[in-house]
$ cat coords18.csv   # CSV, C-alpha atoms and all ligand atoms
chain,number,residue,atom,x,y,z
A,1,MET,CA,6.5,5.1,9.0
A,2,ILE,CA,5.9,4.0,5.4
A,3,TYR,CA,7.6,0.9,4.0
A,4,ILE,CA,7.6,-0.3,0.4
A,5,THR,CA,8.3,-3.7,-1.0
A,6,GLY,CA,7.7,-5.7,-4.2
A,7,ASP,CA,5.4,-8.6,-5.3
A,8,ILE,CA,4.4,-11.3,-2.8
A,9,HIS,CA,2.5,-13.7,-5.2
A,10,GLY,CA,0.2,-15.1,-2.5
A,11,SER,CA,2.4,-17.0,-0.1
A,12,GLU,CA,5.3,-17.5,-2.5
A,13,ASP,CA,7.3,-14.4,-1.6
A,14,ILE,CA,5.7,-13.5,1.7
A,15,HIS,CA,8.7,-14.7,3.7
A,16,LYS,CA,10.1,-11.2,3.6
A,17,PHE,CA,7.5,-10.3,6.2
A,18,SER,CA,8.7,-12.9,8.7
A,19,VAL,CA,10.2,-11.6,11.9
A,20,SER,CA,13.6,-13.0,11.0
A,21,CYS,CA,13.7,-11.0,7.8
A,22,PHE,CA,11.7,-7.9,8.7
A,23,GLN,CA,13.0,-7.5,12.2
A,24,GLU,CA,11.9,-4.0,13.0
A,25,GLN,CA,8.3,-5.0,12.7
A,26,LYS,CA,8.2,-5.6,16.4
A,27,GLN,CA,8.1,-1.8,16.9
A,28,LEU,CA,5.4,-1.1,14.4
A,29,THR,CA,1.8,-0.2,15.0
A,30,ARG,CA,-1.3,0.1,12.8
A,31,SER,CA,-0.2,3.6,12.0
A,32,ASP,CA,2.8,2.2,10.1
A,33,TYR,CA,2.2,1.1,6.6
A,34,VAL,CA,3.7,-1.5,4.3
A,35,ILE,CA,2.9,-1.0,0.6
A,36,ILE,CA,3.2,-4.0,-1.8
A,37,CYS,CA,3.8,-2.9,-5.4
A,38,GLY,CA,1.4,-5.4,-7.0
A,39,ASP,CA,1.0,-9.2,-7.5
A,40,PHE,CA,-0.5,-9.5,-4.1
A,41,GLY,CA,-2.2,-12.7,-5.0
A,42,LEU,CA,-4.1,-13.5,-1.8
A,43,VAL,CA,-7.5,-12.6,-3.3
A,44,TRP,CA,-7.1,-15.5,-5.7
A,45,GLU,CA,-9.4,-18.4,-5.1
A,46,ARG,CA,-12.9,-18.2,-3.6
A,47,ASN,CA,-13.2,-19.9,-0.2
A,48,SER,CA,-9.6,-21.0,-0.3
A,49,PRO,CA,-8.2,-22.2,3.0
A,50,HIS,CA,-4.7,-21.2,1.7
A,51,ASP,CA,-5.7,-17.6,1.0
A,52,ARG,CA,-7.7,-17.4,4.3
A,53,TYR,CA,-4.7,-18.7,6.3
A,54,TRP,CA,-2.2,-16.2,4.8
A,55,LEU,CA,-4.6,-13.3,4.8
A,56,SER,CA,-5.1,-13.8,8.6
A,57,TRP,CA,-1.3,-14.3,9.0
A,58,LEU,CA,-0.8,-10.9,7.3
A,59,ASP,CA,-3.7,-9.3,9.1
A,60,GLU,CA,-2.2,-10.1,12.4
A,61,LYS,CA,1.0,-8.3,11.7
A,62,PRO,CA,1.3,-5.1,13.7
A,63,TRP,CA,1.2,-2.8,10.7
A,64,THR,CA,-1.4,-1.9,8.1
A,65,THR,CA,-0.8,-3.5,4.7
A,66,LEU,CA,-1.6,-1.5,1.6
A,67,TRP,CA,-1.3,-3.0,-1.9
A,68,ILE,CA,-1.8,-2.1,-5.5
A,69,ASP,CA,-2.9,-4.8,-7.9
A,70,GLY,CA,-0.5,-6.4,-10.3
A,71,ASN,CA,-1.3,-8.6,-13.2
A,72,HIS,CA,-1.6,-11.7,-11.1
A,73,GLU,CA,-4.8,-11.0,-9.2
A,74,ASN,CA,-8.2,-12.5,-9.5
A,75,PHE,CA,-10.0,-9.4,-10.7
A,76,ASP,CA,-13.4,-11.1,-10.7
A,77,LEU,CA,-13.1,-11.8,-7.0
A,78,LEU,CA,-11.5,-8.5,-6.2
A,79,LYS,CA,-14.4,-6.5,-7.7
A,80,GLU,CA,-16.8,-8.1,-5.1
A,81,TYR,CA,-15.2,-6.2,-2.3
A,82,PRO,CA,-16.9,-2.9,-1.5
A,83,TYR,CA,-15.3,0.4,-2.4
A,84,GLU,CA,-14.8,3.2,0.1
A,85,GLU,CA,-13.0,6.4,0.6
A,86,TRP,CA,-9.8,6.3,2.7
A,87,LYS,CA,-7.2,9.1,3.2
A,88,GLY,CA,-8.3,11.0,0.1
A,89,GLY,CA,-8.4,8.0,-2.3
A,90,ARG,CA,-10.5,5.0,-3.2
A,91,VAL,CA,-9.8,1.6,-1.5
A,92,GLN,CA,-11.2,-1.8,-0.9
A,93,LYS,CA,-10.7,-3.2,2.6
A,94,ILE,CA,-9.9,-6.9,2.2
A,95,THR,CA,-9.6,-7.2,6.0
A,96,ASP,CA,-9.5,-4.5,8.7
A,97,ASN,CA,-5.7,-4.2,8.2
A,98,ILE,CA,-5.2,-5.2,4.5
A,99,ILE,CA,-6.3,-2.5,2.1
A,100,HIS,CA,-6.3,-2.5,-1.7
A,101,LEU,CA,-5.4,0.9,-3.2
A,102,CYS,CA,-7.5,1.5,-6.3
A,103,ARG,CA,-6.0,2.7,-9.6
A,104,GLY,CA,-5.6,6.4,-10.0
A,105,SER,CA,-6.0,7.5,-6.4
A,106,VAL,CA,-3.9,10.0,-4.6
A,107,PHE,CA,-3.6,9.3,-0.9
A,108,ASP,CA,-2.4,11.5,1.9
A,109,ILE,CA,-0.8,9.2,4.4
A,110,ASP,CA,0.4,11.2,7.4
A,111,GLY,CA,1.5,14.0,5.2
A,112,THR,CA,3.1,11.9,2.4
A,113,SER,CA,1.2,12.1,-0.9
A,114,ILE,CA,1.1,8.8,-2.8
A,115,PHE,CA,-0.2,8.2,-6.3
A,116,ALA,CA,-1.2,4.5,-6.7
A,117,PHE,CA,-1.8,2.8,-10.0
A,118,GLY,CA,-1.7,-1.0,-10.3
A,119,GLY,CA,-1.9,-3.3,-13.3
A,120,ALA,CA,0.5,-4.7,-15.9
A,121,GLU,CA,0.4,-6.9,-19.0
A,122,SER,CA,1.2,-10.6,-18.4
A,123,HIS,CA,4.1,-11.6,-20.6
A,124,ASP,CA,3.4,-15.3,-20.1
A,125,LYS,CA,-0.1,-15.4,-21.6
A,126,GLN,CA,0.5,-18.7,-23.4
A,127,TYR,CA,0.6,-20.4,-20.0
A,128,ARG,CA,-2.5,-18.7,-18.7
A,129,LYS,CA,-6.2,-19.1,-19.1
A,130,LEU,CA,-8.6,-16.1,-19.3
A,131,GLY,CA,-10.9,-15.9,-16.3
A,132,ARG,CA,-8.8,-18.6,-14.4
A,133,SER,CA,-5.3,-17.3,-14.2
A,134,MET,CA,-5.4,-14.1,-16.3
A,135,TRP,CA,-8.0,-11.3,-16.5
A,136,GLU,CA,-8.6,-8.6,-19.0
A,137,GLU,CA,-8.6,-6.1,-16.2
A,138,GLU,CA,-4.9,-6.6,-15.7
A,139,LEU,CA,-4.7,-3.6,-18.0
A,140,PRO,CA,-6.6,-0.5,-17.0
A,141,SER,CA,-9.6,1.0,-18.7
A,142,GLU,CA,-9.5,4.5,-20.3
A,143,GLU,CA,-11.8,5.6,-17.4
A,144,GLU,CA,-9.3,4.5,-14.8
A,145,MET,CA,-6.5,6.3,-16.5
A,146,GLU,CA,-8.6,9.4,-16.8
A,147,THR,CA,-9.4,9.1,-13.1
A,148,GLY,CA,-5.7,9.2,-12.4
A,149,ARG,CA,-5.2,12.3,-14.5
A,150,ARG,CA,-8.1,14.0,-12.8
A,151,ASN,CA,-6.8,13.2,-9.3
A,152,LEU,CA,-3.3,14.3,-10.2
A,153,GLU,CA,-4.8,17.6,-11.6
A,154,ALA,CA,-6.5,18.1,-8.2
A,155,ALA,CA,-3.1,17.5,-6.6
A,156,GLY,CA,-1.5,20.1,-8.8
A,157,TRP,CA,0.5,17.4,-10.6
A,158,LYS,CA,2.8,17.1,-7.6
A,159,VAL,CA,3.0,14.1,-5.2
A,160,ASP,CA,5.8,12.6,-3.1
A,161,ILE,CA,5.7,9.0,-4.1
A,162,VAL,CA,4.4,7.0,-7.0
A,163,VAL,CA,3.7,3.2,-6.7
A,164,THR,CA,2.9,1.2,-9.7
A,165,HIS,CA,3.3,-2.4,-10.8
A,166,SER,CA,4.8,-1.8,-14.3
A,167,LEU,CA,7.1,0.9,-15.6
A,168,PRO,CA,6.9,3.8,-18.0
A,169,LEU,CA,7.7,2.5,-21.5
A,170,HIS,CA,10.9,4.4,-21.9
A,171,ILE,CA,12.4,2.8,-18.8
A,172,GLN,CA,11.0,-0.7,-19.6
A,173,ASN,CA,12.6,-0.4,-23.1
A,174,GLN,CA,15.9,0.6,-21.7
A,175,LEU,CA,16.1,-2.2,-19.1
A,176,PHE,CA,14.2,-5.1,-20.8
A,177,ARG,CA,14.6,-4.6,-24.5
A,178,HIS,CA,15.8,-8.2,-24.9
A,179,LEU,CA,12.9,-9.7,-22.9
A,180,ASP,CA,9.3,-10.1,-24.0
A,181,TYR,CA,7.7,-7.1,-22.3
A,182,GLY,CA,5.4,-5.6,-24.9
A,183,LYS,CA,4.3,-2.0,-25.4
A,184,ASN,CA,0.8,-1.3,-24.2
A,185,ALA,CA,-1.5,1.6,-23.2
A,186,LEU,CA,-0.5,1.4,-19.6
A,187,ASN,CA,3.3,1.9,-20.3
A,188,ASP,CA,2.4,4.7,-22.6
A,189,TYR,CA,0.2,6.3,-19.8
A,190,PHE,CA,3.1,6.0,-17.4
A,191,ASP,CA,5.4,7.8,-19.9
A,192,GLU,CA,2.9,10.6,-19.9
A,193,ILE,CA,2.6,10.7,-16.0
A,194,ASP,CA,6.4,10.5,-15.7
A,195,GLN,CA,6.7,13.6,-17.9
A,196,ARG,CA,4.0,15.7,-16.4
A,197,LEU,CA,4.2,14.8,-12.7
A,198,ASP,CA,6.5,16.3,-10.1
A,199,PHE,CA,7.4,13.5,-7.7
A,200,ARG,CA,10.3,12.4,-5.5
A,201,LEU,CA,10.4,8.6,-5.9
A,202,TRP,CA,8.7,6.1,-8.1
A,203,PHE,CA,8.6,2.4,-7.2
A,204,SER,CA,7.5,-0.4,-9.5
A,205,GLY,CA,7.2,-4.2,-8.9
A,206,HIS,CA,6.5,-6.7,-11.7
A,207,TYR,CA,10.0,-7.3,-13.0
A,208,HIS,CA,11.2,-9.3,-10.0
A,209,LYS,CA,14.4,-7.3,-9.8
A,210,SER,CA,15.7,-4.6,-7.5
A,211,ILE,CA,17.2,-2.0,-9.7
A,212,GLU,CA,18.0,1.7,-9.2
A,213,PHE,CA,17.2,3.1,-12.7
A,214,ASP,CA,18.1,6.6,-11.6
A,215,LYS,CA,17.7,8.6,-8.4
A,216,LYS,CA,13.9,8.7,-8.8
A,217,HIS,CA,12.9,5.4,-10.3
A,218,TYR,CA,13.3,2.1,-8.5
A,219,LEU,CA,12.3,-1.4,-9.4
A,220,ILE,CA,11.6,-3.3,-6.2
A,221,TYR,CA,11.2,-7.0,-5.4
A,222,ASP,CA,12.4,-8.7,-2.3
A,223,ASN,CA,13.8,-5.6,-0.6
A,224,ILE,CA,11.8,-3.7,2.0
A,225,VAL,CA,12.6,0.0,2.1
A,226,ARG,CA,11.6,2.6,4.7
A,227,LEU,CA,10.8,6.1,3.4
A,228,ASN,CA,12.5,9.0,5.1
A,229,GLU,CA,12.9,12.7,4.5
A,230,ASN,CA,15.9,12.2,2.2
A,231,GLY,CA,14.4,9.4,0.2
A,232,PHE,CA,14.5,5.9,1.7
A,233,GLU,CA,16.8,3.4,3.3
A,234,ARG,CA,16.9,-0.4,2.8
A,235,ILE,CA,15.6,-2.4,5.8
A,236,TYR,CA,15.7,-5.9,4.5
A,237,PRO,CA,18.3,-6.2,1.8
A,238,LEU,CA,17.9,-9.5,0.1
A,239,SER,CA,19.5,-8.1,-3.0
A,240,GLU,CA,21.7,-5.2,-3.6
A,241,TYR,CA,20.3,-2.4,-5.7
A,242,SER,CA,22.0,-2.5,-9.1
A,243,ARG,CA,21.9,-0.6,-12.3
A,244,ASP,CA,22.1,-3.9,-14.3
A,245,ILE,CA,19.7,-6.7,-14.7
A,301,FE,FE,5.2,-10.7,-10.1
$ encode --input "coords18.csv" --output "structure tokens"
Amino acid sequence: MIYITGDIHGSEDIHKFSVSCFQEQKQLTRSDYVIICGDFGLVWERNSPHDRYWLSWLDEKPWTTLWIDGNHENFDLLKEYPYEEWKGGRVQKITDNIIHLCRGSVFDIDGTSIFAFGGAESHDKQYRKLGRSMWEEELPSEEEMETGRRNLEAAGWKVDIVVTHSLPLHIQNQLFRHLDYGKNALNDYFDEIDQRLDFRLWFSGHYHKSIEFDKKHYLIYDNIVRLNENGFERIYPLSEYSRDI
């Protein structure tokens, strides 16, 4: 089974993985996957007892955790983890059971193809310090975006699922016009991907809302959903999906 949820921000929003919230975890094995749509935040501080504690708490869960990066990651620390190939894409194993999905990869997870592309622009830069709480790598390089195009080309521009942190610009504009989410190269790139790619479902974190934009695009935060042949079902419904913010 594949489950998808939104940001966890280190330990701040990790409670959704507790047994009382995510009850069916008791039946899961390492061949079940939980994908976090960015702002993982547990590769944050070097030699931090806090990060170590929560990484081992998560590592001991019965499933395999997969995550894409958001904007709130320590990219200096993250780049120290070795890269390897895994299920058709590029990953970094943080622990045996916690795996970072690198930008632009297409994975085949038990017959489900997943395009993963992390990153987002911080919209609270005035409160952040470069190299301490914000990194330039929060937005992708041209090379990472090109890697994504190349891998999608190899997949025939068809996948089952897309997981990103931020949204295509046209959706972000419609939902958050009144908020300070700026236009950037990544949102433009996702507009391009959204147009060219044949996909079933697209999940984005970042906005801390659970919104059904349409029958293909979902913003996800505290909810945990389980993919099935018809789409998905909600497993841990903290908030109802809505069309409003
Ligand atoms: Fe976040």
$ residues_around --input "coords18.csv" --residues "range 2-17 of chain A" --least-positions-apart "2" --cutoff "7 Å" --atoms "all atoms listed in the file" --output "list in words"
Val19, Cys21, Phe22, Asp32, Tyr33, Val34, Ile35, Ile36, Cys37, Gly38, Asp39, Phe40, Gly41, Leu42, Trp54, Gly205, His206, Ile220, Tyr221, Asp222, Asn223, Ile224, Val225, Arg226 and Leu227 of chain A
$ closest_atom_pairs --input "coords18.csv" --of "range 112-165 of chain A" --to "range 92-105 of chain A" --cutoff "6 Å" --atoms "only C-alpha atoms" --output "Markdown table"
| residue | atom | partner | partner_atom | distance |
| --- | --- | --- | --- | --- |
| A:Phe115 | CA | A:Ser105 | CA | 5.8 |
| A:Ala116 | CA | A:Ser105 | CA | 5.7 |
| A:Phe117 | CA | A:Arg103 | CA | 4.2 |
| A:Gly118 | CA | A:Arg103 | CA | 5.7 |
| A:Thr147 | CA | A:Gly104 | CA | 5.6 |
| A:Gly148 | CA | A:Gly104 | CA | 3.7 |
$ residues_around --input "coords18.csv" --residues "range 77-80 of chain A" --least-positions-apart "5" --cutoff "8 Å" --atoms "all atoms listed in the file" --output "PyMOL selection string"
chain A and resi 43-46
$ atom_distance --input "coords18.csv" --atom1 "CA of Asp214 in chain A" --atom2 "CA of Leu186 in chain A"
20.9 Å
$ closest_residue --input "coords18.csv" --among "A:Tyr218, A:Trp202, A:Tyr236, A:Tyr207" --to "ligand FE 301 (chain A)" --atoms "only C-alpha atoms and all ligand atoms"
A:Tyr207
$ closest_residue --input "coords18.csv" --among "A:Asn173, A:Ser210, A:Ser141, A:Ser122" --to "ligand FE 301 (chain A)" --atoms "all atoms listed in the file"
A:Ser122
$ closest_residue --input "coords18.csv" --among "A:Gly70, A:Asp191, A:Leu179, A:Gln172" --to "ligand FE 301 (chain A)" --atoms "all atoms listed in the file"
A:Gly70
$ atom_distance --input "coords18.csv" --atom1 "CA of Gly156 in chain A" --atom2 "CA of Ile109 in chain A"
17.1 Å
$ closest_residue --input "coords18.csv" --among "A:Gly111, A:Gly231, A:Pro140, A:Gly119" --to "ligand FE 301 (chain A)" --atoms "all atoms listed in the file"
A:Gly119
$ atom_distance --input "coords18.csv" --atom1 "CA of Ser56 in chain A" --atom2 "CA of Asn228 in chain A"
29.0 Å
$ closest_residue --input "coords18.csv" --among "A:His178, A:Arg200, A:Arg234, A:His123" --to "ligand FE 301 (chain A)" --atoms "only C-alpha atoms and all ligand atoms"
A:His123
$ closest_residue --input "coords18.csv" --among "A:Leu238, A:Leu219, A:Ala154, A:Leu197" --to "ligand FE 301 (chain A)" --atoms "all atoms listed in the file"
A:Leu219
$ build_atoms --input "coords18.csv" --residues "range 125-146 of chain A" --atoms "N, CA and C atoms" --output "CSV table (one decimal), in the coordinates of the input"
chain,number,residue,atom,x,y,z
A,125,LYS,N,1.3,-15.1,-21.3
A,125,LYS,CA,-0.1,-15.4,-21.6
A,125,LYS,C,-0.3,-16.8,-22.1
A,126,GLN,N,0.7,-17.3,-22.8
A,126,GLN,CA,0.5,-18.7,-23.4
A,126,GLN,C,0.3,-19.8,-22.3
A,127,TYR,N,0.7,-19.5,-21.1
A,127,TYR,CA,0.6,-20.4,-20.0
A,127,TYR,C,-0.6,-20.1,-19.2
A,128,ARG,N,-1.4,-19.1,-19.5
A,128,ARG,CA,-2.5,-18.7,-18.7
A,128,ARG,C,-3.8,-18.8,-19.4
A,129,LYS,N,-4.9,-18.9,-18.5
A,129,LYS,CA,-6.2,-19.1,-19.1
A,129,LYS,C,-7.1,-17.9,-18.7
A,130,LEU,N,-7.8,-17.3,-19.6
A,130,LEU,CA,-8.6,-16.1,-19.3
A,130,LEU,C,-9.7,-16.5,-18.3
A,131,GLY,N,-9.8,-15.7,-17.3
A,131,GLY,CA,-10.9,-15.9,-16.3
A,131,GLY,C,-10.5,-17.0,-15.2
A,132,ARG,N,-9.3,-17.6,-15.4
A,132,ARG,CA,-8.8,-18.6,-14.4
A,132,ARG,C,-7.5,-18.2,-13.8
A,133,SER,N,-6.6,-17.7,-14.7
A,133,SER,CA,-5.3,-17.3,-14.2
A,133,SER,C,-4.8,-16.0,-14.9
A,134,MET,N,-5.7,-15.4,-15.6
A,134,MET,CA,-5.4,-14.1,-16.3
A,134,MET,C,-6.7,-13.4,-16.5
A,135,TRP,N,-6.7,-12.1,-16.3
A,135,TRP,CA,-8.0,-11.3,-16.5
A,135,TRP,C,-7.7,-10.1,-17.4
A,136,GLU,N,-8.7,-9.8,-18.2
A,136,GLU,CA,-8.6,-8.6,-19.0
A,136,GLU,C,-8.3,-7.3,-18.2
A,137,GLU,N,-8.8,-7.3,-17.0
A,137,GLU,CA,-8.6,-6.1,-16.2
A,137,GLU,C,-7.2,-5.9,-15.7
A,138,GLU,N,-6.3,-6.8,-16.1
A,138,GLU,CA,-4.9,-6.6,-15.7
A,138,GLU,C,-4.4,-5.3,-16.3
A,139,LEU,N,-5.0,-4.9,-17.4
A,139,LEU,CA,-4.7,-3.6,-18.0
A,139,LEU,C,-5.8,-2.6,-17.7
A,140,PRO,N,-5.5,-1.4,-17.5
A,140,PRO,CA,-6.6,-0.5,-17.0
A,140,PRO,C,-7.5,0.0,-18.1
A,141,SER,N,-8.7,0.4,-17.7
A,141,SER,CA,-9.6,1.0,-18.7
A,141,SER,C,-9.2,2.5,-18.9
A,142,GLU,N,-9.8,3.0,-20.0
A,142,GLU,CA,-9.5,4.5,-20.3
A,142,GLU,C,-10.1,5.3,-19.1
A,143,GLU,N,-11.2,4.8,-18.5
A,143,GLU,CA,-11.8,5.6,-17.4
A,143,GLU,C,-10.8,5.6,-16.2
A,144,GLU,N,-10.2,4.5,-15.9
A,144,GLU,CA,-9.3,4.5,-14.8
A,144,GLU,C,-8.1,5.4,-15.0
A,145,MET,N,-7.6,5.4,-16.2
A,145,MET,CA,-6.5,6.3,-16.5
A,145,MET,C,-6.9,7.8,-16.4
A,146,GLU,N,-8.1,8.0,-16.9
A,146,GLU,CA,-8.6,9.4,-16.8
A,146,GLU,C,-8.8,9.8,-15.3
